[in-house]
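Engineer: Dropping a structure here in structure tokens format, bear with me for questions.
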Amino acid sequence: MRYFLELRYNGGAYCGWQRQPDQPSVQRTLEEALATLLREPIEVTGAGRTDTGVNASYYVAHFDVAAPVADPVQTVYKLNFLLPGDISVWSMTAVSDDAHARFSACEREYRYFIEPQKNPFTRHLTWQYYVPLDVERMNRAAAMLLEYEDFTSFAKLNSNNHTNICHIRHAAWTVDEQGVLCFTIRADRFLRNMVRAIVGTLVDVGRGRYTPEDFQAIIESRDLSRSSAGAPAQGLFLSDIRYPPEAGFRRTKEC
């Protein structure tokens, strides 16, 4: 029997989602809690990898269990008691055996937050960057991402990607009342370190190191050495994952 879990986590204490030898990961922590609760070995498959220190305000994973879970709501309640405070599960849904948290997903969304002033309460959740940024220039550059499919310029080396092709459907900056910048990007898939590399390069556009036309040239170069250093991990959140109706996973947002 297969179940989808909806969860969220603060990635600050973990080496990322994926299980690593002798390092704390979200996947391993969740597996150990489920195994304790369900009294059988559990292997959890996530919707995708997040790197060390990256957060997820929305995440989906699936696991298989020998017998149906009698009371999923009560199981979620008990699971949250076993999990540390930086991981929270809020739903468990029975799905068909061919539904897959990663491969059935048709769209993912990330958000990156930049705070223009020192704030001790959010320093682990935003990039506190004090250089003035031209958001209009950054949005002109970000819009160019939708015109391309090959993002080798923002792909981490030696990532064993089968392809660097991604279809970006939205990429834009917004600014809230407190002046906090938020970059939202949606695509069918993302490469390792891709969003942080894009954000770092767009920040260099905003501070005047590059023009939007330079940013376009960086995309077209397919050369990682042309892009800027990646933005810090703590400001990045995986914020949404969407599934088609045929996946059998009922969500408010679908592809």
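Every chain in the structure tokens has a letter given in the order shown (A, B, ...), and although residue numbers restart at 1 in each chain, ligands are simply numbered from 1 in the order shown.
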Just want the 9 Å neighbourhood of Ala66 in chain A, counted on only C-alpha atoms, with same-chain residues fewer than 4 positions away dropped. Output as a list in words.
Structural biologist: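 Here the qualifying residues turn out to be Met1, Arg2 and Glu40 of chain A.
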Engineer: Would you mind exporting the chosen residues as a PDB file, in the first residue's frame, restricted to N, CA and C atoms?
Structural biologist:
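This is the output file again.pdb:
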ATOM      1  N   MET A   1       0.856  -1.186   0.000  1.00  0.00           N
ATOM      2  CA  MET A   1       0.000   0.000   0.000  1.00  0.00           C
ATOM      3  C   MET A   1       0.891   1.234   0.000  1.00  0.00           C
ATOM      4  N   ARG A   2       0.590   2.196  -0.893  1.00  0.00           N
ATOM      5  CA  ARG A   2       1.422   3.387  -1.026  1.00  0.00           C
ATOM      6  C   ARG A   2       0.690   4.616  -0.483  1.00  0.00           C
ATOM      7  N   GLU A  40       7.894  -1.524  11.025  1.00  0.00           N
ATOM      8  CA  GLU A  40       8.495  -2.238   9.906  1.00  0.00           C
ATOM      9  C   GLU A  40       9.452  -1.283   9.190  1.00  0.00           C
TER      10      GLU A  40
END
Engineer: Taking the DSSP assignment computed from this structure's backbone, write out as a ChimeraX atom specification all residues of range 133-181 of chain A that belong to helix (DSSP H, G or I).
Structural biologist: /A:135-147,152-154
Engineer: Just to be explicit: take each residue in the selection above, keep all heavy atoms, and write the result as a compact mmCIF listing (two decimals), in the first residue's frame.
Structural biologist:
# COMPACT_ATOMS: atom_id res chain seq x y z
N VAL A 135 15.39 46.18 -8.80
CA VAL A 135 14.49 45.05 -9.03
C VAL A 135 13.95 45.04 -10.46
O VAL A 135 13.73 43.98 -11.05
CB VAL A 135 13.33 45.07 -8.00
CG1 VAL A 135 12.34 43.95 -8.26
CG2 VAL A 135 13.88 44.96 -6.58
N GLU A 136 13.75 46.23 -11.03
CA GLU A 136 13.25 46.28 -12.42
C GLU A 136 14.25 45.63 -13.37
O GLU A 136 13.87 44.87 -14.26
CB GLU A 136 12.99 47.75 -12.80
CG GLU A 136 12.25 47.93 -14.12
CD GLU A 136 13.18 47.89 -15.35
OE1 GLU A 136 14.36 48.28 -15.20
OE2 GLU A 136 12.72 47.47 -16.43
N ARG A 137 15.53 45.90 -13.20
CA ARG A 137 16.56 45.28 -14.04
C ARG A 137 16.59 43.76 -13.80
O ARG A 137 16.73 42.98 -14.74
CB ARG A 137 17.94 45.86 -13.70
CG ARG A 137 18.24 47.20 -14.36
CD ARG A 137 19.47 47.84 -13.74
NE ARG A 137 20.64 46.97 -13.78
CZ ARG A 137 21.60 47.04 -14.71
NH1 ARG A 137 21.52 47.93 -15.68
NH2 ARG A 137 22.64 46.23 -14.66
N MET A 138 16.44 43.36 -12.56
CA MET A 138 16.44 41.94 -12.24
C MET A 138 15.26 41.23 -12.87
O MET A 138 15.38 40.09 -13.34
CB MET A 138 16.44 41.75 -10.72
CG MET A 138 17.73 42.23 -10.05
SD MET A 138 17.57 42.54 -8.28
CE MET A 138 17.41 40.89 -7.65
N ASN A 139 14.11 41.89 -12.93
CA ASN A 139 12.94 41.27 -13.56
C ASN A 139 13.08 41.22 -15.07
O ASN A 139 12.60 40.27 -15.71
CB ASN A 139 11.66 42.02 -13.16
CG ASN A 139 11.02 41.41 -11.92
OD1 ASN A 139 11.07 40.20 -11.71
ND2 ASN A 139 10.40 42.25 -11.10
N ARG A 140 13.71 42.23 -15.66
CA ARG A 140 13.97 42.18 -17.11
C ARG A 140 14.84 40.98 -17.44
O ARG A 140 14.60 40.25 -18.42
CB ARG A 140 14.64 43.46 -17.57
CG ARG A 140 13.70 44.65 -17.77
CD ARG A 140 14.48 45.92 -18.07
NE ARG A 140 15.44 45.73 -19.16
CZ ARG A 140 16.55 46.46 -19.31
NH1 ARG A 140 16.84 47.41 -18.43
NH2 ARG A 140 17.35 46.25 -20.33
N ALA A 141 15.85 40.74 -16.62
CA ALA A 141 16.74 39.61 -16.85
C ALA A 141 16.02 38.29 -16.57
O ALA A 141 16.14 37.33 -17.35
CB ALA A 141 17.97 39.73 -15.96
N ALA A 142 15.26 38.23 -15.48
CA ALA A 142 14.57 37.00 -15.11
C ALA A 142 13.58 36.55 -16.20
O ALA A 142 13.42 35.36 -16.46
CB ALA A 142 13.83 37.18 -13.79
N ALA A 143 12.94 37.52 -16.86
CA ALA A 143 11.98 37.18 -17.91
C ALA A 143 12.65 36.44 -19.06
O ALA A 143 11.99 35.65 -19.77
CB ALA A 143 11.30 38.45 -18.42
N MET A 144 13.94 36.65 -19.26
CA MET A 144 14.66 35.98 -20.34
C MET A 144 14.78 34.48 -20.10
O MET A 144 14.97 33.71 -21.05
CB MET A 144 16.05 36.60 -20.50
CG MET A 144 16.03 38.05 -20.93
SD MET A 144 17.70 38.76 -20.92
CE MET A 144 17.35 40.44 -21.44
N LEU A 145 14.67 34.04 -18.86
CA LEU A 145 14.77 32.61 -18.56
C LEU A 145 13.69 31.81 -19.27
O LEU A 145 13.91 30.65 -19.63
CB LEU A 145 14.67 32.38 -17.05
CG LEU A 145 15.83 32.91 -16.20
CD1 LEU A 145 15.43 32.96 -14.72
CD2 LEU A 145 17.07 32.04 -16.39
N LEU A 146 12.53 32.42 -19.48
CA LEU A 146 11.42 31.70 -20.12
C LEU A 146 11.66 31.45 -21.60
O LEU A 146 10.94 30.66 -22.22
CB LEU A 146 10.12 32.48 -19.93
CG LEU A 146 9.40 32.31 -18.58
CD1 LEU A 146 10.22 32.89 -17.43
CD2 LEU A 146 8.02 32.97 -18.62
N GLU A 147 12.67 32.12 -22.18
CA GLU A 147 12.94 31.98 -23.61
C GLU A 147 13.91 30.85 -23.92
O GLU A 147 14.18 30.57 -25.08
CB GLU A 147 13.51 33.30 -24.14
CG GLU A 147 12.59 34.50 -23.92
CD GLU A 147 13.27 35.81 -24.30
OE1 GLU A 147 14.37 35.76 -24.92
OE2 GLU A 147 12.72 36.87 -23.97
N THR A 152 22.70 24.89 -18.74
CA THR A 152 24.02 24.40 -18.37
C THR A 152 24.81 25.46 -17.62
O THR A 152 25.62 25.15 -16.73
CB THR A 152 24.79 23.97 -19.64
OG1 THR A 152 24.05 22.95 -20.31
CG2 THR A 152 26.17 23.46 -19.29
N SER A 153 24.58 26.74 -17.92
CA SER A 153 25.30 27.82 -17.24
C SER A 153 25.01 27.89 -15.75
O SER A 153 25.74 28.54 -15.01
CB SER A 153 24.94 29.17 -17.88
OG SER A 153 25.39 29.23 -19.22
N PHE A 154 23.93 27.24 -15.32
CA PHE A 154 23.56 27.27 -13.90
C PHE A 154 23.52 25.87 -13.29
O PHE A 154 22.93 25.69 -12.23
CB PHE A 154 22.19 27.95 -13.73
CG PHE A 154 22.12 29.32 -14.35
CD1 PHE A 154 21.35 29.56 -15.48
CD2 PHE A 154 22.83 30.38 -13.80
CE1 PHE A 154 21.28 30.81 -16.05
CE2 PHE A 154 22.77 31.64 -14.36
CZ PHE A 154 22.00 31.87 -15.49
Engineer: Using DSSP secondary structure from the backbone, list all strand (DSSP E) positions within range 85-250 of chain A, as JSON, numbers by chain.
Structural biologist: {"A": [87, 88, 89, 90, 91, 92, 93, 94, 95, 107, 108, 109, 110, 111, 112, 113, 114, 115, 127, 128, 168, 169, 170, 171, 172, 173, 174, 175, 181, 182, 183, 184, 185, 186, 187, 236, 237, 238, 239, 240, 241, 242]}
Engineer: Counting only C-alpha atoms, what is within 12 Å of Leu34 in chain A, bar same-chain residues fewer than 6 positions away, as a compact mmCIF listing (two decimals) with N, CA and C atoms, in the first residue's frame?
Structural biologist:
# COMPACT_ATOMS: atom_id res chain seq x y z
N TYR A 3 1.46 5.46 0.21
CA TYR A 3 0.93 6.70 0.77
C TYR A 3 1.80 7.88 0.36
N LEU A 5 2.90 11.64 1.57
CA LEU A 5 2.97 12.53 2.72
C LEU A 5 3.16 13.96 2.24
N GLN A 27 15.32 12.84 4.89
CA GLN A 27 14.83 11.53 4.48
C GLN A 27 15.07 10.49 5.58
N ARG A 28 16.28 10.43 6.08
CA ARG A 28 16.61 9.44 7.10
C ARG A 28 15.81 9.67 8.39
N GLU A 40 7.89 -1.52 11.03
CA GLU A 40 8.50 -2.24 9.91
C GLU A 40 9.45 -1.28 9.19
N PRO A 41 10.46 -1.82 8.50
CA PRO A 41 11.38 -0.93 7.77
C PRO A 41 10.63 -0.12 6.72
N ILE A 42 10.93 1.15 6.65
CA ILE A 42 10.26 2.05 5.71
C ILE A 42 11.31 2.78 4.89
N GLU A 43 11.10 2.81 3.58
CA GLU A 43 11.94 3.61 2.69
C GLU A 43 11.08 4.70 2.09
N VAL A 44 11.50 5.94 2.26
CA VAL A 44 10.74 7.09 1.80
C VAL A 44 11.37 7.65 0.53
N HIS A 62 6.67 9.78 -0.76
CA HIS A 62 5.82 8.60 -0.66
C HIS A 62 6.56 7.45 -0.01
N PHE A 63 5.79 6.51 0.54
CA PHE A 63 6.36 5.30 1.12
C PHE A 63 5.37 4.16 0.93
N ASP A 64 5.87 2.95 0.96
CA ASP A 64 5.05 1.75 0.85
C ASP A 64 5.03 1.03 2.19
N VAL A 65 3.90 0.44 2.52
CA VAL A 65 3.74 -0.30 3.77
C VAL A 65 2.98 -1.59 3.46
N VAL A 69 -2.79 1.55 6.44
CA VAL A 69 -2.74 2.26 7.71
C VAL A 69 -4.18 2.49 8.17
N THR A 75 -2.23 8.65 12.64
CA THR A 75 -0.82 8.32 12.37
C THR A 75 0.00 9.58 12.18
N VAL A 76 -0.54 10.56 11.46
CA VAL A 76 0.15 11.84 11.28
C VAL A 76 0.34 12.53 12.63
N TYR A 77 -0.67 12.48 13.46
CA TYR A 77 -0.59 13.08 14.79
C TYR A 77 0.55 12.47 15.61
N LYS A 78 0.65 11.14 15.61
CA LYS A 78 1.71 10.46 16.35
C LYS A 78 3.07 10.69 15.71
N LEU A 79 3.09 10.72 14.38
CA LEU A 79 4.35 10.92 13.67
C LEU A 79 5.00 12.24 14.04
N ASN A 80 4.19 13.28 14.17
CA ASN A 80 4.72 14.58 14.52
C ASN A 80 5.31 14.63 15.92
N PHE A 81 4.83 13.76 16.82
CA PHE A 81 5.44 13.67 18.14
C PHE A 81 6.83 13.04 18.08
N LEU A 82 7.03 12.13 17.13
CA LEU A 82 8.31 11.46 17.00
C LEU A 82 9.34 12.31 16.25
N LEU A 83 8.87 13.15 15.35
CA LEU A 83 9.78 13.95 14.54
C LEU A 83 10.31 15.15 15.32
N VAL A 89 4.78 17.02 9.42
CA VAL A 89 3.93 16.34 8.44
C VAL A 89 2.49 16.73 8.71
N MET A 92 -1.41 12.45 5.21
CA MET A 92 -1.03 11.15 4.69
C MET A 92 -2.20 10.67 3.84
Engineer: Quick check, in Å to one decimal: how far apart do CA of Ala99 in chain A and CA of Tyr243 in chain A lie?
Structural biologist: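 If I compute the distance from CA of Ala99 in chain A to CA of Tyr243 in chain A, I get 9.8 Å.
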Engineer: Leaving out Tyr59 in chain A and any residue of its chain fewer than 4 positions from it, which residues lie within 12 Å of it when counting only C-alpha atoms, given as a short mmCIF file (atom, residue, chain, number, x, y, z; two decimals) with N, CA, C and O atoms, in the first residue's frame?
Structural biologist:
data_model
loop_
_atom_site.label_atom_id
_atom_site.label_comp_id
_atom_site.auth_asym_id
_atom_site.auth_seq_id
_atom_site.Cartn_x
_atom_site.Cartn_y
_atom_site.Cartn_z
N PHE A 4 1.14 8.99 0.08
CA PHE A 4 1.83 10.26 -0.10
C PHE A 4 1.78 11.03 1.22
O PHE A 4 0.75 11.05 1.90
N LEU A 5 2.90 11.64 1.57
CA LEU A 5 2.97 12.53 2.72
C LEU A 5 3.16 13.96 2.24
O LEU A 5 3.95 14.21 1.33
N GLU A 6 2.46 14.90 2.85
CA GLU A 6 2.72 16.32 2.66
C GLU A 6 3.43 16.81 3.93
O GLU A 6 2.98 16.54 5.04
N LEU A 7 4.55 17.51 3.74
CA LEU A 7 5.33 17.94 4.88
C LEU A 7 6.05 19.24 4.60
O LEU A 7 6.04 19.75 3.46
N ARG A 8 6.70 19.77 5.60
CA ARG A 8 7.56 20.94 5.46
C ARG A 8 8.73 20.78 6.41
O ARG A 8 8.62 20.05 7.41
N TYR A 9 9.83 21.44 6.11
CA TYR A 9 10.98 21.33 7.00
C TYR A 9 11.90 22.54 6.87
O TYR A 9 11.98 23.18 5.83
N ASN A 10 12.57 22.81 7.98
CA ASN A 10 13.66 23.78 8.03
C ASN A 10 14.94 22.98 7.82
O ASN A 10 15.27 22.10 8.62
N GLY A 11 15.67 23.28 6.75
CA GLY A 11 16.81 22.46 6.38
C GLY A 11 18.11 22.82 7.06
O GLY A 11 19.15 22.21 6.78
N TRP A 17 17.82 16.86 1.77
CA TRP A 17 16.78 15.83 1.84
C TRP A 17 17.39 14.45 1.85
O TRP A 17 17.04 13.61 2.66
N VAL A 26 16.87 14.84 6.09
CA VAL A 26 15.42 14.82 6.31
C VAL A 26 14.87 13.44 5.99
O VAL A 26 14.04 12.89 6.74
N GLN A 27 15.32 12.84 4.89
CA GLN A 27 14.83 11.53 4.48
C GLN A 27 15.07 10.49 5.58
O GLN A 27 14.15 9.75 5.96
N THR A 45 10.54 7.94 -0.47
CA THR A 45 11.01 8.55 -1.72
C THR A 45 10.47 9.97 -1.80
O THR A 45 9.27 10.20 -1.69
N GLY A 46 11.38 10.93 -1.98
CA GLY A 46 10.98 12.33 -2.01
C GLY A 46 10.73 12.85 -3.41
O GLY A 46 11.13 12.24 -4.41
N ALA A 47 10.09 13.99 -3.48
CA ALA A 47 9.78 14.62 -4.76
C ALA A 47 11.01 15.17 -5.45
O ALA A 47 10.98 15.46 -6.65
N GLY A 48 12.11 15.30 -4.73
CA GLY A 48 13.34 15.81 -5.32
C GLY A 48 14.34 16.09 -4.21
O GLY A 48 14.01 16.04 -3.02
N ARG A 49 15.56 16.38 -4.61
CA ARG A 49 16.61 16.67 -3.64
C ARG A 49 16.61 18.15 -3.29
O ARG A 49 16.37 19.00 -4.14
N THR A 50 16.86 18.44 -2.02
CA THR A 50 17.21 19.80 -1.63
C THR A 50 18.60 19.72 -1.01
O THR A 50 18.92 18.74 -0.33
N ASN A 55 15.47 24.89 2.61
CA ASN A 55 14.21 24.61 3.30
C ASN A 55 13.12 24.15 2.33
O ASN A 55 13.25 24.32 1.11
N ILE A 87 10.79 19.44 11.43
CA ILE A 87 10.09 18.69 10.38
C ILE A 87 8.65 18.51 10.81
O ILE A 87 8.38 18.06 11.92
N SER A 88 7.72 18.84 9.93
CA SER A 88 6.30 18.73 10.24
C SER A 88 5.56 18.06 9.09
O SER A 88 5.69 18.45 7.94
N VAL A 89 4.78 17.02 9.42
CA VAL A 89 3.93 16.34 8.44
C VAL A 89 2.49 16.73 8.71
O VAL A 89 2.06 16.76 9.86
N TRP A 90 1.73 17.09 7.66
CA TRP A 90 0.34 17.45 7.92
C TRP A 90 -0.68 16.60 7.18
O TRP A 90 -1.88 16.74 7.42
N SER A 91 -0.24 15.69 6.29
CA SER A 91 -1.24 14.80 5.69
C SER A 91 -0.61 13.51 5.22
O SER A 91 0.59 13.47 4.89
N ALA A 101 6.07 10.20 -5.98
CA ALA A 101 6.26 11.57 -5.50
C ALA A 101 7.16 12.38 -6.42
O ALA A 101 6.94 13.58 -6.63
N ARG A 102 8.17 11.73 -7.00
CA ARG A 102 9.11 12.45 -7.87
C ARG A 102 8.66 12.42 -9.32
O ARG A 102 8.52 13.47 -9.96
N ALA A 105 5.29 14.13 -10.50
CA ALA A 105 5.20 15.60 -10.39
C ALA A 105 5.41 16.24 -11.75
O ALA A 105 6.27 15.84 -12.52
N ARG A 108 7.36 22.18 -10.27
CA ARG A 108 7.90 22.52 -8.96
C ARG A 108 8.10 24.02 -8.88
O ARG A 108 8.35 24.67 -9.89
N GLU A 109 8.01 24.55 -7.68
CA GLU A 109 8.19 25.98 -7.47
C GLU A 109 9.17 26.21 -6.32
O GLU A 109 9.10 25.55 -5.29
N TYR A 110 10.10 27.14 -6.53
CA TYR A 110 11.02 27.58 -5.49
C TYR A 110 10.82 29.07 -5.25
O TYR A 110 10.48 29.83 -6.17
N PHE A 237 13.63 28.21 -0.51
CA PHE A 237 12.54 27.34 -0.09
C PHE A 237 11.94 26.63 -1.31
O PHE A 237 11.58 27.29 -2.29
N LEU A 238 11.83 25.32 -1.25
CA LEU A 238 10.94 24.61 -2.17
C LEU A 238 9.54 24.89 -1.67
O LEU A 238 9.19 24.56 -0.53
N SER A 239 8.72 25.52 -2.49
CA SER A 239 7.45 26.07 -2.00
C SER A 239 6.21 25.41 -2.57
O SER A 239 5.12 25.60 -2.04
N ASP A 240 6.34 24.64 -3.64
CA ASP A 240 5.15 23.98 -4.20
C ASP A 240 5.58 22.85 -5.12
O ASP A 240 6.64 22.93 -5.77
N ILE A 241 4.76 21.81 -5.17
CA ILE A 241 4.93 20.70 -6.11
C ILE A 241 3.54 20.35 -6.62
O ILE A 241 2.62 20.16 -5.82
N ARG A 242 3.40 20.29 -7.92
CA ARG A 242 2.07 20.04 -8.50
C ARG A 242 2.04 18.71 -9.25
O ARG A 242 3.03 18.29 -9.82
#
Engineer: If we count only C-alpha atoms and set the cut-off at 12 Å, which residues sit around Phe151 in chain A, ignoring sequence neighbours fewer than 6 positions away in its own chain? Please answer as a compact mmCIF listing (two decimals) with N, CA, C and O atoms, in the first residue's frame.
Structural biologist:
# COMPACT_ATOMS: atom_id res chain seq x y z
N MET A 144 13.94 36.65 -19.26
CA MET A 144 14.66 35.98 -20.34
C MET A 144 14.78 34.48 -20.10
O MET A 144 14.97 33.71 -21.05
N LEU A 145 14.67 34.04 -18.86
CA LEU A 145 14.77 32.61 -18.56
C LEU A 145 13.69 31.81 -19.27
O LEU A 145 13.91 30.65 -19.63
N ASN A 161 23.67 14.76 -14.44
CA ASN A 161 22.38 15.03 -15.08
C ASN A 161 22.34 14.35 -16.44
O ASN A 161 23.31 14.39 -17.20
N THR A 163 20.26 15.35 -18.66
CA THR A 163 20.04 16.50 -19.54
C THR A 163 19.99 17.77 -18.70
O THR A 163 19.60 17.72 -17.52
N ASN A 164 20.39 18.88 -19.29
CA ASN A 164 20.28 20.18 -18.62
C ASN A 164 19.10 20.99 -19.15
O ASN A 164 19.05 22.21 -18.97
N ILE A 165 18.18 20.30 -19.80
CA ILE A 165 16.98 20.94 -20.35
C ILE A 165 15.91 21.06 -19.26
O ILE A 165 15.55 20.08 -18.61
N CYS A 166 15.41 22.27 -19.08
CA CYS A 166 14.31 22.54 -18.15
C CYS A 166 13.35 23.52 -18.83
O CYS A 166 13.77 24.34 -19.64
N HIS A 167 12.09 23.42 -18.51
CA HIS A 167 11.09 24.33 -19.08
C HIS A 167 10.56 25.23 -17.97
O HIS A 167 9.74 24.81 -17.14
N ILE A 168 11.07 26.46 -17.94
CA ILE A 168 10.68 27.42 -16.91
C ILE A 168 9.40 28.12 -17.34
O ILE A 168 9.29 28.62 -18.45
N ALA A 187 9.05 25.53 -12.74
CA ALA A 187 9.51 24.77 -13.92
C ALA A 187 9.11 23.32 -13.76
O ALA A 187 8.72 22.87 -12.67
N ARG A 189 11.23 20.91 -14.01
CA ARG A 189 12.32 20.30 -13.25
C ARG A 189 13.42 21.34 -13.03
O ARG A 189 13.44 22.38 -13.71
N PHE A 190 14.30 21.06 -12.08
CA PHE A 190 15.42 21.95 -11.80
C PHE A 190 16.69 21.12 -11.68
O PHE A 190 16.66 19.95 -11.27
N LEU A 191 17.82 21.73 -12.01
CA LEU A 191 19.11 21.11 -11.86
C LEU A 191 19.67 21.42 -10.47
O LEU A 191 19.24 22.37 -9.82
N ARG A 192 20.63 20.62 -10.04
CA ARG A 192 21.26 20.85 -8.73
C ARG A 192 21.90 22.23 -8.70
O ARG A 192 22.62 22.62 -9.62
N ASN A 193 21.60 22.99 -7.67
CA ASN A 193 22.16 24.32 -7.43
C ASN A 193 21.68 25.37 -8.44
O ASN A 193 22.13 26.52 -8.41
N MET A 194 20.75 25.00 -9.30
CA MET A 194 20.32 25.88 -10.39
C MET A 194 19.69 27.17 -9.87
O MET A 194 20.05 28.27 -10.32
N VAL A 195 18.76 27.06 -8.93
CA VAL A 195 18.06 28.26 -8.47
C VAL A 195 19.02 29.20 -7.74
O VAL A 195 19.00 30.41 -7.97
N ALA A 197 22.22 29.50 -8.20
CA ALA A 197 23.11 30.11 -9.19
C ALA A 197 22.40 31.21 -9.96
O ALA A 197 22.97 32.28 -10.24
N ILE A 198 21.14 30.98 -10.31
CA ILE A 198 20.35 32.01 -11.00
C ILE A 198 20.17 33.23 -10.11
O ILE A 198 20.37 34.38 -10.54
N GLN A 216 21.57 37.44 -20.40
CA GLN A 216 21.16 36.64 -21.56
C GLN A 216 22.36 35.95 -22.18
O GLN A 216 22.29 34.76 -22.55
N ALA A 217 23.47 36.65 -22.29
CA ALA A 217 24.68 36.06 -22.87
C ALA A 217 25.21 34.92 -22.00
O ALA A 217 25.73 33.92 -22.52
N ILE A 218 25.06 35.05 -20.68
CA ILE A 218 25.49 33.98 -19.77
C ILE A 218 24.65 32.73 -20.01
O ILE A 218 25.19 31.61 -20.07
N ILE A 219 23.34 32.88 -20.16
CA ILE A 219 22.49 31.73 -20.45
C ILE A 219 22.93 31.06 -21.75
O ILE A 219 23.10 29.83 -21.81
N GLU A 220 23.13 31.86 -22.78
CA GLU A 220 23.45 31.33 -24.10
C GLU A 220 24.84 30.70 -24.16
O GLU A 220 25.10 29.82 -24.99
N SER A 221 25.73 31.09 -23.24
CA SER A 221 27.10 30.57 -23.26
C SER A 221 27.17 29.10 -22.87
O SER A 221 28.11 28.40 -23.25
N ARG A 222 26.21 28.64 -22.08
CA ARG A 222 26.24 27.26 -21.55
C ARG A 222 27.56 26.98 -20.86
O ARG A 222 28.13 25.90 -20.99
N ASP A 223 28.00 27.96 -20.07
CA ASP A 223 29.31 27.89 -19.42
C ASP A 223 29.12 28.29 -17.96
O ASP A 223 28.87 29.46 -17.65
N LEU A 224 29.27 27.33 -17.05
CA LEU A 224 29.06 27.58 -15.63
C LEU A 224 30.00 28.65 -15.09
O LEU A 224 29.63 29.42 -14.19
N SER A 227 28.57 32.28 -14.84
CA SER A 227 27.55 32.68 -13.87
C SER A 227 28.20 33.07 -12.54
O SER A 227 29.37 32.77 -12.29
Engineer: Rounded to one decimal in Å, what is the spacing between CA of Ser25 in chain A and CA of Gly53 in chain A?
Structural biologist: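 Between these atoms lies a distance of 10.2 Å.
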Engineer: Please identify all polymer residues within 9 Å of range 177-179 of chain A, counting only C-alpha atoms, omitting same-chain residues fewer than 2 positions from it, and present them as a list in words.
Structural biologist: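 Near neighbours after the sequence-gap exclusion: Ile114, Glu115, Pro116, Gln117, Val175 and Leu181 of chain A.
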Engineer: Limited to C-alpha atoms, could you put the picked residues into a file as an mmCIF file, in the first residue's frame?
Structural biologist:
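Output (selection19.cif):
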data_model
loop_
_atom_site.group_PDB
_atom_site.id
_atom_site.type_symbol
_atom_site.label_atom_id
_atom_site.label_comp_id
_atom_site.auth_asym_id
_atom_site.auth_seq_id
_atom_site.Cartn_x
_atom_site.Cartn_y
_atom_site.Cartn_z
ATOM 1 C CA ILE A 114 16.481 38.517 0.302
ATOM 2 C CA GLU A 115 16.212 40.927 3.214
ATOM 3 C CA PRO A 116 17.808 44.368 2.739
ATOM 4 C CA GLN A 117 18.480 44.927 6.435
ATOM 5 C CA VAL A 175 8.968 43.224 -2.987
ATOM 6 C CA LEU A 181 12.606 40.637 -2.046
#
Engineer: Quick one: distance from CA of Ala247 in chain A to CA of Glu32 in chain A in Å, one decimal?
Structural biologist: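 Rounded to one decimal, the two atoms are 26.7 Å apart.
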Engineer: So that I can check the surroundings of Gln23 in chain A, please list as an mmCIF file with N, CA, C and O atoms, in the first residue's frame every protein, DNA and RNA residue that reaches within 12 Å of it, counting only C-alpha atoms and ignoring chain neighbours fewer than 5 positions away.
Structural biologist:
data_model
loop_
_atom_site.group_PDB
_atom_site.id
_atom_site.type_symbol
_atom_site.label_atom_id
_atom_site.label_comp_id
_atom_site.auth_asym_id
_atom_site.auth_seq_id
_atom_site.Cartn_x
_atom_site.Cartn_y
_atom_site.Cartn_z
ATOM 1 N N ALA A 13 19.547 22.193 9.856
ATOM 2 C CA ALA A 13 20.283 21.181 10.625
ATOM 3 C C ALA A 13 20.614 19.937 9.812
ATOM 4 O O ALA A 13 21.167 18.977 10.360
ATOM 5 N N TYR A 14 20.303 19.937 8.505
ATOM 6 C CA TYR A 14 20.418 18.719 7.714
ATOM 7 C C TYR A 14 21.355 18.884 6.517
ATOM 8 O O TYR A 14 21.550 19.993 6.017
ATOM 9 N N CYS A 15 21.893 17.769 6.063
ATOM 10 C CA CYS A 15 22.758 17.771 4.882
ATOM 11 C C CYS A 15 21.941 17.837 3.600
ATOM 12 O O CYS A 15 22.486 17.712 2.505
ATOM 13 N N GLY A 16 20.646 18.040 3.737
ATOM 14 C CA GLY A 16 19.728 18.077 2.611
ATOM 15 C C GLY A 16 18.649 17.035 2.793
ATOM 16 O O GLY A 16 18.532 16.404 3.853
ATOM 17 N N TRP A 17 17.823 16.863 1.773
ATOM 18 C CA TRP A 17 16.780 15.833 1.843
ATOM 19 C C TRP A 17 17.386 14.452 1.846
ATOM 20 O O TRP A 17 17.036 13.605 2.661
ATOM 21 N N GLN A 18 18.291 14.192 0.938
ATOM 22 C CA GLN A 18 18.719 12.826 0.641
ATOM 23 C C GLN A 18 19.603 12.223 1.730
ATOM 24 O O GLN A 18 20.477 12.868 2.281
ATOM 25 N N ARG A 28 16.277 10.430 6.078
ATOM 26 C CA ARG A 28 16.610 9.441 7.103
ATOM 27 C C ARG A 28 15.809 9.668 8.388
ATOM 28 O O ARG A 28 15.315 8.710 9.012
ATOM 29 N N THR A 29 15.667 10.917 8.795
ATOM 30 C CA THR A 29 14.907 11.235 10.002
ATOM 31 C C THR A 29 13.461 10.799 9.871
ATOM 32 O O THR A 29 12.877 10.223 10.803
ATOM 33 N N THR A 52 22.101 20.965 1.224
ATOM 34 C CA THR A 52 22.369 21.303 2.619
ATOM 35 C C THR A 52 21.871 22.705 2.956
ATOM 36 O O THR A 52 22.177 23.669 2.250
#
